[in-house]
file my_file_24.cif (mmCIF, C-alpha atoms)
data_final
loop_
_atom_site.group_PDB
_atom_site.id
_atom_site.type_symbol
_atom_site.label_atom_id
_atom_site.label_comp_id
_atom_site.auth_asym_id
_atom_site.auth_seq_id
_atom_site.Cartn_x
_atom_site.Cartn_y
_atom_site.Cartn_z
ATOM 1 C CA MET A 1 -24.603 33.968 12.097
ATOM 2 C CA ILE A 2 -24.889 37.279 10.248
ATOM 3 C CA ARG A 3 -28.532 36.523 9.454
ATOM 4 C CA LEU A 4 -29.240 35.781 13.143
ATOM 5 C CA LEU A 5 -27.628 39.070 14.188
ATOM 6 C CA SER A 6 -29.783 40.859 11.646
ATOM 7 C CA LEU A 7 -32.891 39.204 13.087
ATOM 8 C CA LEU A 8 -31.807 40.180 16.625
ATOM 9 C CA GLN A 9 -31.349 43.782 15.545
ATOM 10 C CA ASN A 10 -34.781 43.757 13.933
ATOM 11 C CA GLU A 11 -36.457 42.349 17.075
ATOM 12 C CA ASN A 12 -34.729 44.873 19.336
ATOM 13 C CA MET A 13 -35.892 47.684 17.068
ATOM 14 C CA LYS A 14 -39.454 46.385 17.401
ATOM 15 C CA ILE A 15 -39.179 46.316 21.203
ATOM 16 C CA TYR A 16 -37.721 49.802 21.608
ATOM 17 C CA ARG A 17 -39.920 51.388 18.973
ATOM 18 C CA ARG A 18 -42.969 50.779 21.148
ATOM 19 C CA LEU A 19 -44.045 53.539 23.489
ATOM 20 C CA HIS A 20 -45.000 51.124 26.276
ATOM 21 C CA THR A 21 -41.394 49.845 26.419
ATOM 22 C CA TRP A 22 -40.143 53.303 27.401
ATOM 23 C CA ILE A 23 -43.068 53.733 29.783
ATOM 24 C CA LEU A 24 -42.022 50.497 31.532
ATOM 25 C CA LEU A 25 -38.432 51.736 31.783
ATOM 26 C CA GLY A 26 -39.623 55.035 33.256
ATOM 27 C CA ILE A 27 -41.864 53.264 35.768
ATOM 28 C CA LEU A 28 -38.972 51.058 36.944
ATOM 29 C CA ILE A 29 -36.666 54.035 37.563
ATOM 30 C CA ALA A 30 -39.485 55.962 39.263
ATOM 31 C CA LEU A 31 -40.168 52.980 41.555
ATOM 32 C CA VAL A 32 -36.528 52.834 42.654
ATOM 33 C CA PHE A 33 -36.568 56.574 43.431
ATOM 34 C CA THR A 34 -39.917 56.408 45.230
ATOM 35 C CA VAL A 35 -39.177 53.346 47.375
ATOM 36 C CA SER A 36 -35.684 54.540 48.305
ATOM 37 C CA ILE A 37 -36.830 58.022 49.295
ATOM 38 C CA ILE A 38 -39.836 56.720 51.253
ATOM 39 C CA ILE A 39 -37.602 54.371 53.272
ATOM 40 C CA LYS A 40 -35.065 57.150 53.861
ATOM 41 C CA THR A 41 -37.650 59.696 55.010
ATOM 42 C CA THR A 42 -39.698 57.324 57.188
ATOM 43 C CA TRP A 43 -36.746 55.634 58.932
ATOM 44 C CA THR A 44 -36.135 57.495 62.163
ATOM 45 C CA GLY A 45 -33.284 55.398 63.536
ATOM 46 C CA SER A 46 -29.559 55.847 63.081
ATOM 47 C CA ASN A 47 -26.446 53.755 63.389
ATOM 48 C CA GLU A 48 -25.322 55.674 66.453
ATOM 49 C CA GLY A 49 -25.078 53.402 69.463
ATOM 50 C CA TRP A 50 -25.020 50.272 67.306
ATOM 51 C CA GLU A 51 -22.385 48.699 69.578
ATOM 52 C CA GLN A 52 -24.689 48.771 72.600
ATOM 53 C CA ARG A 53 -27.601 47.413 70.567
ATOM 54 C CA LEU A 54 -25.497 44.467 69.396
ATOM 55 C CA ARG A 55 -24.289 43.742 72.943
ATOM 56 C CA THR A 56 -27.900 43.736 74.122
ATOM 57 C CA ASN A 57 -28.907 41.397 71.291
ATOM 58 C CA ILE A 58 -26.060 39.027 72.151
ATOM 59 C CA GLU A 59 -27.135 38.885 75.816
ATOM 60 C CA ILE A 60 -30.767 38.246 74.869
ATOM 61 C CA ASP A 61 -29.803 35.487 72.422
ATOM 62 C CA ARG A 62 -27.524 33.773 74.954
ATOM 63 C CA GLU A 63 -30.188 33.885 77.650
ATOM 64 C CA TYR A 64 -32.718 32.426 75.243
ATOM 65 C CA LEU A 65 -30.350 29.596 74.272
ATOM 66 C CA ASN A 66 -29.724 28.738 77.925
ATOM 67 C CA SER A 67 -33.380 28.856 78.940
ATOM 68 C CA ALA A 68 -35.099 27.306 75.918
ATOM 69 C CA ASP A 69 -35.547 23.539 76.191
ATOM 70 C CA GLY A 70 -36.200 21.381 73.167
ATOM 71 C CA LEU A 71 -35.267 24.140 70.729
ATOM 72 C CA PRO A 72 -35.193 22.800 67.133
ATOM 73 C CA GLY A 73 -31.711 22.337 65.731
ATOM 74 C CA LEU A 74 -32.204 24.799 62.894
ATOM 75 C CA ALA A 75 -33.532 27.526 65.216
ATOM 76 C CA LYS A 76 -30.637 26.955 67.624
ATOM 77 C CA GLU A 77 -28.142 27.224 64.760
ATOM 78 C CA GLU A 78 -29.667 30.504 63.576
ATOM 79 C CA ILE A 79 -29.347 32.039 67.049
ATOM 80 C CA GLU A 80 -25.760 30.853 67.398
ATOM 81 C CA GLN A 81 -24.920 32.354 64.010
ATOM 82 C CA SER A 82 -26.526 35.651 65.018
ATOM 83 C CA ILE A 83 -24.342 35.735 68.151
ATOM 84 C CA LEU A 84 -21.196 35.011 66.138
ATOM 85 C CA LEU A 85 -21.940 37.705 63.554
ATOM 86 C CA ASN A 86 -22.793 40.352 66.155
ATOM 87 C CA GLN A 87 -19.697 39.553 68.206
ATOM 88 C CA TYR A 88 -17.525 39.711 65.085
ATOM 89 C CA ARG A 89 -18.930 43.145 64.240
ATOM 90 C CA LEU A 90 -18.102 44.365 67.746
ATOM 91 C CA ASP A 91 -14.591 42.896 67.690
ATOM 92 C CA HIS A 92 -13.762 44.381 64.275
ATOM 93 C CA ASN A 93 -15.780 47.619 64.495
ATOM 94 C CA ILE A 94 -18.047 46.785 61.532
ATOM 95 C CA PRO A 95 -21.483 48.482 61.842
ATOM 96 C CA PRO A 96 -24.623 46.686 60.585
ATOM 97 C CA SER A 97 -25.247 47.314 56.892
ATOM 98 C CA ASP A 98 -29.050 47.156 56.825
ATOM 99 C CA LYS A 99 -29.470 50.962 56.718
ATOM 100 C CA SER A 100 -26.590 51.780 54.404
ATOM 101 C CA MET A 101 -25.980 52.096 50.688
ATOM 102 C CA TRP A 102 -25.400 48.342 50.298
ATOM 103 C CA GLY A 103 -28.272 47.415 52.569
ATOM 104 C CA MET A 104 -30.673 49.411 50.426
ATOM 105 C CA VAL A 105 -29.209 48.062 47.174
ATOM 106 C CA LEU A 106 -29.925 44.556 48.472
ATOM 107 C CA GLN A 107 -33.452 45.580 49.488
ATOM 108 C CA MET A 108 -34.061 46.941 45.991
ATOM 109 C CA SER A 109 -33.422 43.425 44.623
ATOM 110 C CA SER A 110 -37.048 42.725 45.589
ATOM 111 C CA LEU A 111 -37.988 44.931 42.614
ATOM 112 C CA ILE A 112 -36.716 42.180 40.316
ATOM 113 C CA GLN A 113 -40.304 40.913 40.490
ATOM 114 C CA ILE A 114 -41.324 44.160 38.773
ATOM 115 C CA VAL A 115 -38.669 43.506 36.118
ATOM 116 C CA THR A 116 -40.170 40.030 35.683
ATOM 117 C CA ILE A 117 -43.670 41.448 35.221
ATOM 118 C CA PHE A 118 -42.474 43.997 32.648
ATOM 119 C CA THR A 119 -40.505 41.382 30.704
ATOM 120 C CA VAL A 120 -43.438 38.948 30.735
ATOM 121 C CA VAL A 121 -45.497 41.650 28.991
ATOM 122 C CA ILE A 122 -42.857 41.832 26.242
ATOM 123 C CA ALA A 123 -42.403 38.028 26.028
ATOM 124 C CA ALA A 124 -46.152 37.415 25.827
ATOM 125 C CA ASP A 125 -46.564 39.750 22.876
ATOM 126 C CA ILE A 126 -43.381 39.152 20.915
ATOM 127 C CA VAL A 127 -44.730 35.980 19.219
ATOM 128 C CA ALA A 128 -48.489 36.103 19.829
ATOM 129 C CA GLY A 129 -48.556 39.709 18.582
ATOM 130 C CA GLU A 130 -47.103 38.611 15.231
ATOM 131 C CA PHE A 131 -49.890 36.055 14.817
ATOM 132 C CA ALA A 132 -52.578 38.540 15.902
ATOM 133 C CA SER A 133 -51.446 41.183 13.414
ATOM 134 C CA GLY A 134 -50.657 38.730 10.620
ATOM 135 C CA THR A 135 -47.034 39.918 10.309
ATOM 136 C CA ILE A 136 -45.783 36.416 11.134
ATOM 137 C CA LYS A 137 -46.272 35.534 7.436
ATOM 138 C CA LEU A 138 -43.875 38.309 6.421
ATOM 139 C CA LEU A 139 -41.266 36.929 8.800
ATOM 140 C CA LEU A 140 -41.578 33.356 7.583
ATOM 141 C CA ILE A 141 -41.064 34.237 3.914
ATOM 142 C CA ARG A 142 -37.563 35.456 4.785
ATOM 143 C CA PRO A 143 -34.626 33.149 3.953
ATOM 144 C CA ALA A 144 -33.971 32.599 7.682
ATOM 145 C CA SER A 145 -35.221 29.361 9.219
ATOM 146 C CA ARG A 146 -38.117 29.286 11.680
ATOM 147 C CA SER A 147 -35.731 28.228 14.447
ATOM 148 C CA LYS A 148 -33.564 31.311 13.927
ATOM 149 C CA ILE A 149 -36.610 33.583 13.854
ATOM 150 C CA LEU A 150 -37.904 32.179 17.138
ATOM 151 C CA LEU A 151 -34.407 32.213 18.673
ATOM 152 C CA SER A 152 -33.991 35.890 17.806
ATOM 153 C CA LYS A 153 -37.266 36.693 19.541
ATOM 154 C CA TYR A 154 -36.347 34.703 22.647
ATOM 155 C CA VAL A 155 -32.821 36.120 22.929
ATOM 156 C CA SER A 156 -34.125 39.672 22.412
ATOM 157 C CA THR A 157 -36.604 39.161 25.250
ATOM 158 C CA ILE A 158 -33.906 37.846 27.622
ATOM 159 C CA LEU A 159 -31.556 40.694 26.669
ATOM 160 C CA PHE A 160 -34.330 43.185 27.425
ATOM 161 C CA SER A 161 -34.786 41.658 30.897
ATOM 162 C CA PHE A 162 -31.029 41.861 31.567
ATOM 163 C CA GLN A 163 -31.010 45.508 30.505
ATOM 164 C CA LEU A 164 -33.770 46.208 33.016
ATOM 165 C CA LEU A 165 -31.718 44.410 35.696
ATOM 166 C CA VAL A 166 -28.663 46.552 34.944
ATOM 167 C CA ILE A 167 -30.789 49.711 35.092
ATOM 168 C CA LEU A 168 -32.295 48.574 38.420
ATOM 169 C CA PHE A 169 -28.873 47.819 39.962
ATOM 170 C CA ILE A 170 -27.128 50.992 38.771
ATOM 171 C CA THR A 171 -30.052 53.264 39.703
ATOM 172 C CA SER A 172 -30.253 51.664 43.166
ATOM 173 C CA LEU A 173 -26.500 51.955 43.688
ATOM 174 C CA VAL A 174 -26.204 55.592 42.615
ATOM 175 C CA LEU A 175 -29.370 56.854 44.314
ATOM 176 C CA ASN A 176 -28.753 55.125 47.653
ATOM 177 C CA GLY A 177 -25.122 56.137 47.527
ATOM 178 C CA LEU A 178 -26.314 59.747 47.333
ATOM 179 C CA LEU A 179 -28.889 59.201 50.102
ATOM 180 C CA TYR A 180 -26.700 57.274 52.568
ATOM 181 C CA GLY A 181 -23.215 58.227 51.414
ATOM 182 C CA PHE A 182 -20.562 56.258 49.558
ATOM 183 C CA SER A 183 -18.441 55.798 52.679
ATOM 184 C CA ASP A 184 -19.645 52.182 53.029
ATOM 185 C CA VAL A 185 -18.615 51.247 49.511
ATOM 186 C CA GLY A 186 -15.741 49.136 50.873
ATOM 187 C CA ALA A 187 -17.741 47.539 53.713
ATOM 188 C CA PRO A 188 -17.365 43.746 53.850
ATOM 189 C CA TYR A 189 -20.128 41.174 53.652
ATOM 190 C CA LEU A 190 -20.090 38.863 56.670
ATOM 191 C CA HIS A 191 -21.186 35.258 56.444
ATOM 192 C CA ILE A 192 -20.602 32.027 58.340
ATOM 193 C CA ASP A 193 -19.050 28.975 56.715
ATOM 194 C CA ASN A 194 -19.822 25.324 57.401
ATOM 195 C CA ASN A 195 -17.345 25.309 60.283
ATOM 196 C CA MET A 196 -19.250 28.108 62.051
ATOM 197 C CA VAL A 197 -16.457 30.596 61.377
ATOM 198 C CA VAL A 198 -17.248 34.168 60.333
ATOM 199 C CA GLN A 199 -15.812 35.061 56.933
ATOM 200 C CA GLU A 200 -15.499 38.408 55.140
ATOM 201 C CA SER A 201 -16.084 38.843 51.412
ATOM 202 C CA SER A 202 -16.786 41.637 48.952
ATOM 203 C CA MET A 203 -20.141 43.340 49.437
ATOM 204 C CA LEU A 204 -20.180 44.230 45.738
ATOM 205 C CA LEU A 205 -19.770 40.590 44.744
ATOM 206 C CA HIS A 206 -22.456 39.596 47.256
ATOM 207 C CA ALA A 207 -24.871 42.173 45.815
ATOM 208 C CA LEU A 208 -24.121 41.065 42.251
ATOM 209 C CA SER A 209 -24.553 37.390 43.169
ATOM 210 C CA THR A 210 -27.857 38.175 44.927
ATOM 211 C CA TYR A 211 -29.183 39.956 41.837
ATOM 212 C CA GLY A 212 -27.810 37.188 39.634
ATOM 213 C CA LEU A 213 -29.425 34.373 41.623
ATOM 214 C CA LYS A 214 -32.735 36.220 41.870
ATOM 215 C CA CYS A 215 -32.844 36.646 38.096
ATOM 216 C CA VAL A 216 -33.079 32.838 37.730
ATOM 217 C CA GLU A 217 -36.788 33.104 38.555
ATOM 218 C CA LEU A 218 -37.011 35.964 36.048
ATOM 219 C CA VAL A 219 -35.573 33.821 33.241
ATOM 220 C CA MET A 220 -37.798 30.844 34.067
ATOM 221 C CA VAL A 221 -41.032 32.864 34.249
ATOM 222 C CA VAL A 222 -40.184 34.747 31.051
ATOM 223 C CA THR A 223 -39.380 31.450 29.303
ATOM 224 C CA LEU A 224 -42.742 30.091 30.476
ATOM 225 C CA ALA A 225 -44.559 33.179 29.151
ATOM 226 C CA PHE A 226 -42.673 32.913 25.852
ATOM 227 C CA MET A 227 -43.675 29.250 25.541
ATOM 228 C CA ILE A 228 -47.354 29.944 26.234
ATOM 229 C CA SER A 229 -47.315 32.848 23.778
ATOM 230 C CA THR A 230 -45.799 30.619 21.093
ATOM 231 C CA VAL A 231 -47.946 27.553 21.693
ATOM 232 C CA PHE A 232 -51.343 29.234 22.212
ATOM 233 C CA ARG A 233 -50.710 32.449 20.210
ATOM 234 C CA SER A 234 -52.369 34.444 22.995
ATOM 235 C CA SER A 235 -50.543 37.255 24.793
ATOM 236 C CA SER A 236 -53.312 37.673 27.382
ATOM 237 C CA LEU A 237 -53.179 33.972 28.268
ATOM 238 C CA ALA A 238 -49.385 34.074 28.526
ATOM 239 C CA ILE A 239 -49.458 37.119 30.810
ATOM 240 C CA SER A 240 -52.250 35.865 33.068
ATOM 241 C CA ILE A 241 -50.872 32.332 33.582
ATOM 242 C CA SER A 242 -47.252 33.455 34.036
ATOM 243 C CA LEU A 243 -48.056 36.192 36.543
ATOM 244 C CA LEU A 244 -50.526 33.982 38.413
ATOM 245 C CA LEU A 245 -47.816 31.356 38.882
ATOM 246 C CA LEU A 246 -45.289 34.046 39.798
ATOM 247 C CA PHE A 247 -47.469 35.476 42.583
ATOM 248 C CA LEU A 248 -48.783 32.140 43.875
ATOM 249 C CA GLY A 249 -45.605 30.141 43.288
ATOM 250 C CA GLN A 250 -44.215 30.411 46.822
ATOM 251 C CA VAL A 251 -47.635 29.835 48.414
ATOM 252 C CA VAL A 252 -48.022 26.629 46.429
ATOM 253 C CA THR A 253 -44.436 25.711 47.346
ATOM 254 C CA LEU A 254 -45.229 25.955 51.061
ATOM 255 C CA PHE A 255 -48.270 23.755 50.519
ATOM 256 C CA PHE A 256 -46.271 21.180 48.534
ATOM 257 C CA SER A 257 -43.418 21.202 51.081
ATOM 258 C CA GLN A 258 -45.248 18.653 53.237
ATOM 259 C CA TRP A 259 -44.579 16.005 50.570
ATOM 260 C CA SER A 260 -41.162 14.877 49.355
ATOM 261 C CA TRP A 261 -42.142 15.274 45.687
ATOM 262 C CA GLY A 262 -42.827 18.965 46.339
ATOM 263 C CA LYS A 263 -39.150 19.688 45.745
ATOM 264 C CA PHE A 264 -39.725 19.024 42.030
ATOM 265 C CA TRP A 265 -42.178 21.959 41.808
ATOM 266 C CA LEU A 266 -40.656 24.702 39.645
ATOM 267 C CA PHE A 267 -41.024 27.537 42.147
ATOM 268 C CA ALA A 268 -39.470 25.499 44.968
ATOM 269 C CA ASN A 269 -36.206 25.820 43.042
ATOM 270 C CA THR A 270 -36.254 29.264 41.432
ATOM 271 C CA ASP A 271 -35.024 31.164 44.519
ATOM 272 C CA LEU A 272 -31.367 30.094 44.609
ATOM 273 C CA THR A 273 -30.583 32.712 47.267
ATOM 274 C CA GLN A 274 -31.936 30.171 49.783
ATOM 275 C CA TYR A 275 -28.603 28.350 49.447
ATOM 276 C CA ILE A 276 -26.571 31.472 50.292
ATOM 277 C CA GLU A 277 -28.007 31.211 53.792
ATOM 278 C CA GLY A 278 -27.984 27.404 53.719
ATOM 279 C CA LYS A 279 -31.699 27.084 54.441
ATOM 280 C CA PRO A 280 -33.496 25.176 51.643
ATOM 281 C CA LEU A 281 -37.279 25.331 51.623
ATOM 282 C CA ILE A 282 -37.695 21.548 51.521
ATOM 283 C CA GLU A 283 -35.459 18.944 53.155
ATOM 284 C CA GLY A 284 -33.211 17.117 50.721
ATOM 285 C CA MET A 285 -32.740 20.061 48.372
ATOM 286 C CA ASN A 286 -29.367 21.563 47.493
ATOM 287 C CA MET A 287 -27.923 23.849 44.832
ATOM 288 C CA ALA A 288 -27.077 21.012 42.427
ATOM 289 C CA PHE A 289 -30.575 19.536 42.719
ATOM 290 C CA SER A 290 -32.300 22.882 42.077
ATOM 291 C CA VAL A 291 -30.077 23.660 39.088
ATOM 292 C CA THR A 292 -30.852 20.222 37.607
ATOM 293 C CA VAL A 293 -34.609 20.716 38.055
ATOM 294 C CA LEU A 294 -34.436 24.207 36.535
ATOM 295 C CA ILE A 295 -32.490 22.939 33.521
ATOM 296 C CA ALA A 296 -35.127 20.231 32.986
ATOM 297 C CA TYR A 297 -37.974 22.794 33.047
ATOM 298 C CA PHE A 298 -35.967 25.151 30.814
ATOM 299 C CA ILE A 299 -35.415 22.432 28.208
ATOM 300 C CA LEU A 300 -39.095 21.397 28.358
ATOM 301 C CA PHE A 301 -40.405 24.956 27.872
ATOM 302 C CA ASN A 302 -38.078 25.619 24.948
ATOM 303 C CA TYR A 303 -38.719 22.225 23.355
ATOM 304 C CA LEU A 304 -42.456 22.925 23.319
ATOM 305 C CA SER A 305 -41.870 26.406 21.875
ATOM 306 C CA TRP A 306 -39.563 25.326 19.075
ATOM 307 C CA SER A 307 -41.270 22.050 18.129
ATOM 308 C CA ILE A 308 -44.758 23.578 17.875
ATOM 309 C CA PHE A 309 -43.593 26.786 16.160
ATOM 310 C CA ASN A 310 -41.661 24.812 13.536
ATOM 311 C CA LYS A 311 -44.622 22.523 12.785
ATOM 312 C CA ARG A 312 -47.412 25.116 12.859
ATOM 313 C CA ASP A 313 -49.214 25.951 9.638
ATOM 314 C CA VAL A 314 -49.614 29.737 9.330
ATOM 315 C CA ALA A 315 -50.952 29.818 5.797
ATOM 316 C CA ALA A 316 -54.543 30.384 6.987
#

call {"tool": "encode", "arguments": {"input": "my_file_24.cif", "output": "structure tokens"}}
result
Amino acid sequence: MIRLLSLLQNENMKIYRRLHTWILLGILIALVFTVSIIIKTTWTGSNEGWEQRLRTNIEIDREYLNSADGLPGLAKEEIEQSILLNQYRLDHNIPPSDKSMWGMVLQMSSLIQIVTIFTVVIAADIVAGEFASGTIKLLLIRPASRSKILLSKYVSTILFSFQLLVILFITSLVLNGLLYGFSDVGAPYLHIDNNMVVQESSMLLHALSTYGLKCVELVMVVTLAFMISTVFRSSSLAISISLLLLFLGQVVTLFFSQWSWGKFWLFANTDLTQYIEGKPLIEGMNMAFSVTVLIAYFILFNYLSWSIFNKRDVAA
């Protein structure tokens, strides 16, 4: 255990000794500032008169429900839920949260893709870079086993991604609190349960769960990049394949959704936030199914990494 901790410390020193690591951190913080300020300065609306807007929306939705024939069940349910939520806000004097501190913190969760890209860069180089520079031989002559060496690299990469997530969340929270005010810090998150009853819960817990569920895709893509880096000893190949799948993953998912086996596609399951709203991408999917599929991919990626790394001859 002590030897593993020593390896982890060594890998973290390697990561944070590189200039590009600090450049990536600076870019992430700058993006949060830039996006938040642009949205604040370009948004011309206000929450004043929100009650009348919600009443108007309720009337429009009710008229649409009464006039629309043959409306799909899912579309009808969405409209009914919208009416319930808007009416609940009016009855309990709870303004919409889209243009508030919490609303912006939730919008900033889209920047987790940037965190994924930055971490993929680190994951792609952390093993392949050792082979390219020849320093892998110096690592393997240590008394630690190959499995511990590879584990220290993988864990260090995941810890780096989680540190970026924490920086993203805290920066978003503090900055948007300053821009929109901290008065909404205690605002509730409204959602509808299976019995079509509006429920209140903590907005903080909702924000944390949203970030947590979105980071599932981060972990899977980083694990994929780590595997490619280990198996093919090429950082450029690991970066290009991982990011290509990241950007095209949902497009391919929509294409595969016309077949039942499409639900086994990795990127059909990485966005677990789809189950918060109860709207899976493909019929027959649920949280338990997606978690099972993700675990299977996770085990496969790591099995390939460890088995090939432990068997590879690096004497040449």

call {"tool": "residues_around", "arguments": {"input": "my_file_24.cif", "residues": "Tyr303 in chain A", "least_positions_apart": "4", "cutoff": "12 Å", "atoms": "all atoms listed in the file", "output": "ChimeraX atom specification"}}
result
/A:147,150-151,223-224,226-228,230-231,295-299,307-310

call {"tool": "residues_around", "arguments": {"input": "my_file_24.cif", "residues": "range 247-254 of chain A", "least_positions_apart": "4", "cutoff": "12 Å", "atoms": "all atoms listed in the file", "output": "compact mmCIF listing (two decimals) with C-alpha atoms, in the frame of the given file"}}
result
# COMPACT_ATOMS: atom_id res chain seq x y z
CA GLN A 113 -40.30 40.91 40.49
CA ILE A 114 -41.32 44.16 38.77
CA THR A 116 -40.17 40.03 35.68
CA ILE A 117 -43.67 41.45 35.22
CA GLU A 217 -36.79 33.10 38.56
CA VAL A 221 -41.03 32.86 34.25
CA SER A 240 -52.25 35.86 33.07
CA ILE A 241 -50.87 32.33 33.58
CA SER A 242 -47.25 33.46 34.04
CA LEU A 243 -48.06 36.19 36.54
CA GLN A 258 -45.25 18.65 53.24
CA TRP A 259 -44.58 16.00 50.57
CA SER A 260 -41.16 14.88 49.36
CA TRP A 261 -42.14 15.27 45.69
CA GLY A 262 -42.83 18.96 46.34
CA LYS A 263 -39.15 19.69 45.74
CA PHE A 264 -39.72 19.02 42.03
CA TRP A 265 -42.18 21.96 41.81
CA LEU A 266 -40.66 24.70 39.65
CA PHE A 267 -41.02 27.54 42.15
CA ALA A 268 -39.47 25.50 44.97
CA ASN A 269 -36.21 25.82 43.04
CA THR A 270 -36.25 29.26 41.43
CA ASP A 271 -35.02 31.16 44.52
CA PRO A 280 -33.50 25.18 51.64
CA LEU A 281 -37.28 25.33 51.62
CA ILE A 282 -37.70 21.55 51.52

call {"tool": "atom_distance", "arguments": {"input": "my_file_24.cif", "atom1": "CA of Gly181 in chain A", "atom2": "CA of Gly212 in chain A"}}
result
24.5 Å

call {"tool": "atom_distance", "arguments": {"input": "my_file_24.cif", "atom1": "CA of Gly103 in chain A", "atom2": "CA of Val174 in chain A"}}
result
13.0 Å

call {"tool": "resolve_selection", "arguments": {"input": "my_file_24.cif", "expression": "the PyMOL selection byres ((chain A and resi 35-45) around 12)", "output": "ChimeraX atom specification"}}
result
/A:27-34,46-50,98-101,103-111,171-180

call {"tool": "resolve_selection", "arguments": {"input": "my_file_24.cif", "expression": "the PyMOL selection byres ((chain A and resi 206) around 10)", "output": "list of chain:residue names"}}
result
A:Trp102, A:Leu106, A:Pro188, A:Tyr189, A:Leu190, A:Ser201, A:Ser202, A:Met203, A:Leu204, A:Leu205, A:Ala207, A:Leu208, A:Ser209, A:Thr210, A:Tyr211, A:Gly212, A:Ile276
